[in-house]
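Scroll down for the structure; my scribbles are underneath it.
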Amino acid sequence: MKKGFLISSKAKAKSAKDRFKPGSRPDPEIVKLLYGVVENTEKPQGYEVQRPIMKEMDPLASPERLPEDMTLYTTQPSIFMNATPANHEGWTECLLYPQVKALILATPGFPARLLRPSAPKYRIVPIPDKGQGLVSTANIHASDLILSERPLTLTPASASLSKICFLRELSAKEKYLAALYEWEHSLKILFDRLHRDYQAAFMALANSHQYDGSGPISGIIRTNGMGVSFLEPGKYRTEKPQPGDKGMYTAVCKEISRLNHSCYPNTIAYFDRATFSYQLFAARDIAEGEELTLTYIGLTVPAEARQSKLEPYGFRCTCPACHTSDASDAQRATSLRMEITNIDDGLLKLALMEEQGLQGCFEYSIALNTVMNLYIRIGDADNGCMYAKKIAKRRWDASANVAKMYSSPLAIQSHPLWKKGTQAEPSADELKTLFAGLGLAEEHWASIF
Ligand SMILES: [Zn+2]
């Protein structure tokens with residue numbers, strides 16, 4: 001019997017409530033993907049594409065009655081019948097598990113209107129040795145929104161073996177290739193659902209996986225996909241932010257996916273679930289004519305480790321940080337290790353991280369908040385407000401909304417840490433007062449203190 005197509009008796013026996021418990025679904029058997037040149041990638045003999053198909057008729061339908069291990073094709077946000085890219089803000093063709101759809105539909109405000117920058121300040125142009133890229137057409141201030149767009153696709157980040165049943169014993173390589181064929185087959189169904197303009201935009205993107213057995217669609221997703229946070233099955237109820245917590249799902253965007261990589265990036269991309277869009281913000285001030293760059297990988301590791309993480313993309317990074325890797329590695333390590341015990345330490349740490357282009361890192365956000373808190377503790381309203389405003393402008397940052405509440409000289413005096421000494425770390429009692437005062441669950445503060 002083909003697995004996954006019928007609702008199993010075990011799944012039927014469970015109530016919907018049980019099935020939607022965080023972590024109740026077993027982890028899929030994710031395939032580790034190869035890259036570069038892989039020989040002999042033909043479809044294995046004795047294997048036929050078999051993944052079950054579940055298309056969704058009603059994008060607004062509650063998914064709670066569907067089996068949890070089913071893959072679901074859904075258009076989000078839902079669109080009217082004659083929607084076109086010209087008369088609509090955009091939509092995303094998604095391939096996901098039912099509980100992830102439930103999570104999306106339950107997002108407060110979903111689907112909110114897209115945020116728009118005051119004026120477009122970029123254009124797409126050929127970049128020497130890098131294909132196409134985005135270049136600023138005006139000066140852009142730090143934290144400004146540069147563009148926002150609904151992704152073309154939202155899909156699992158990798159192939160899975162968990163739903164494939166084989167008619168004969170296959171070797172490990174044959175199983176791997178079968179998983180790639182299954183994946184491409186599932187993705188082709190998704191691709192066929194895209195509006196023809198979106199299909200053309202998707203196929204116009206780069207593909208660095210043409211010789212490793214990836215199909216044309218999975219190759220483009222592997223090259224251009226950007227991780228989407230907080231959609232991981234099992235984590236959707238707590239939503240506790242984790243540093244670098246991305247993985248299960250990946251989004252391909254028409255424009256943001258065209259940004260080239262730098263380990264000294266001048267932009268930060270953030271997926272906002274309420275608007276269902278990827279938003280691109282300036283990480284620092286950007287001059288007219290600068291190329292807009294984004295990091296594809298974590299930046300807190302040395303240059304050599306970064307280069308190996310970039311290998312699947314098929315290029316070696318030549319950004320300023322990689323060009324002067326000895327000095328840059330040393331400065332990155334020093335800044336990340338620095339503990340903040342007073343305001344001067346904090347300001348130095350921020351300056352060192354800014355010199356390395358690490359404004360998008362979790363550690364930078366922590367340092368900004370610690371400096372703000374230290375100013376609040378000594379009763380320095382001017383500097384405390386300045387930092388609160390700076391944090392509030394970083395709309396991708398988990399602490400932005402809280403900082404916004406304290407960004408006036410009057411409001412900051414009601415902060416629970418106002419004139420409370422000089423220590424950098426809040427005590428357990430102070431944290432409790434903060435949580436209670438803000439009416440927020442403790443886990444939301446994990447990324448702030
Ligand atoms: Zn680099």
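In the structure tokens, chains take the letters A, B, ... in the order shown, each chain's residues start at 1, and ligands count up from 1 in the order shown.
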
* To do: Just list the residues in region 177-332 of chain A DSSP gives alpha helix (DSSP H) on the backbone, as number ranges by chain.
  => A: 177-193, 196-203, 216-224, 303-310, 320-323, 325-332

* **Env. residues ligand 1 / 9 Å / only C-alpha atoms and all ligand atoms / as a list in words** => His261, Ser262, Cys263, Tyr264, Pro265, Thr295, Leu299, Ala303, Arg306, Gln307, Arg316, Cys317, Thr318, Cys319, Pro320, Ala321, Cys322, His323 and Ser325 of chain A

Using only C-alpha atoms, what does the table of region 169-192 of chain A residues within 12 Å of region 143-153 of chain A look like, with each row giving the shortest atom pair and its distance in Å to one decimal, sorted by chain and ascending number, as JSON lines?
{"residue": "A:Leu187", "atom": "CA", "partner": "A:Thr153", "partner_atom": "CA", "distance": 9.6}
{"residue": "A:Lys188", "atom": "CA", "partner": "A:Thr153", "partner_atom": "CA", "distance": 11.6}
{"residue": "A:Ile189", "atom": "CA", "partner": "A:Thr153", "partner_atom": "CA", "distance": 11.8}
{"residue": "A:Leu190", "atom": "CA", "partner": "A:Thr153", "partner_atom": "CA", "distance": 8.1}
{"residue": "A:Phe191", "atom": "CA", "partner": "A:Thr153", "partner_atom": "CA", "distance": 8.3}
{"residue": "A:Asp192", "atom": "CA", "partner": "A:Thr153", "partner_atom": "CA", "distance": 11.4}

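With only C-alpha atoms as the atoms that count, the minimum distance from Ile217 (chain A) to the choices A:Tyr270, A:Trp183, A:Tyr406, A:Phe281 is reached by A:Trp183.
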
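Distances here use only C-alpha atoms; by that measure, the residue among A:Ala403, A:Ile124, A:Ala206, A:Leu96 closest to Gly314 (chain A) is A:Ala206.
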
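Relative to CA of Arg258 (chain A), CA of Gly133 (chain A) is found at 5.5 Å.
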
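Of the residues under consideration (A:Glu48, A:Glu89, A:Asp197, A:Asp429), A:Glu89 shows the shortest atom-to-atom contact distance to Leu114 (chain A) when counting only C-alpha atoms.
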
* Residues at most 12 Å from Ala172 (chain A), counting only C-alpha atoms, excluding those fewer than 4 positions away in the same chain, as a list in words? -> Val31, Lys32, Pro44, Leu161, Tyr176, Leu177, Ala178 and Ala179 of chain A

Give me the residues near region 327-335 of chain A as an mmCIF file with N, CA and C atoms, in the first residue's frame, where near means some atom within 6 Å (using only C-alpha atoms) and where sequence neighbours in that chain fewer than 4 positions away do not count.
data_model
loop_
_atom_site.group_PDB
_atom_site.id
_atom_site.type_symbol
_atom_site.label_atom_id
_atom_site.label_comp_id
_atom_site.auth_asym_id
_atom_site.auth_seq_id
_atom_site.Cartn_x
_atom_site.Cartn_y
_atom_site.Cartn_z
ATOM 1 N N PRO A 302 34.732 31.288 11.887
ATOM 2 C CA PRO A 302 35.857 31.832 11.101
ATOM 3 C C PRO A 302 35.656 31.672 9.589
ATOM 4 N N ALA A 321 35.499 40.731 4.645
ATOM 5 C CA ALA A 321 35.864 39.908 5.816
ATOM 6 C C ALA A 321 36.682 38.693 5.394
ATOM 7 N N LYS A 349 31.972 46.610 22.384
ATOM 8 C CA LYS A 349 31.503 45.376 21.728
ATOM 9 C C LYS A 349 30.644 45.713 20.504
ATOM 10 N N LEU A 352 32.882 46.994 17.660
ATOM 11 C CA LEU A 352 33.659 45.926 17.017
ATOM 12 C C LEU A 352 32.762 45.076 16.114
#
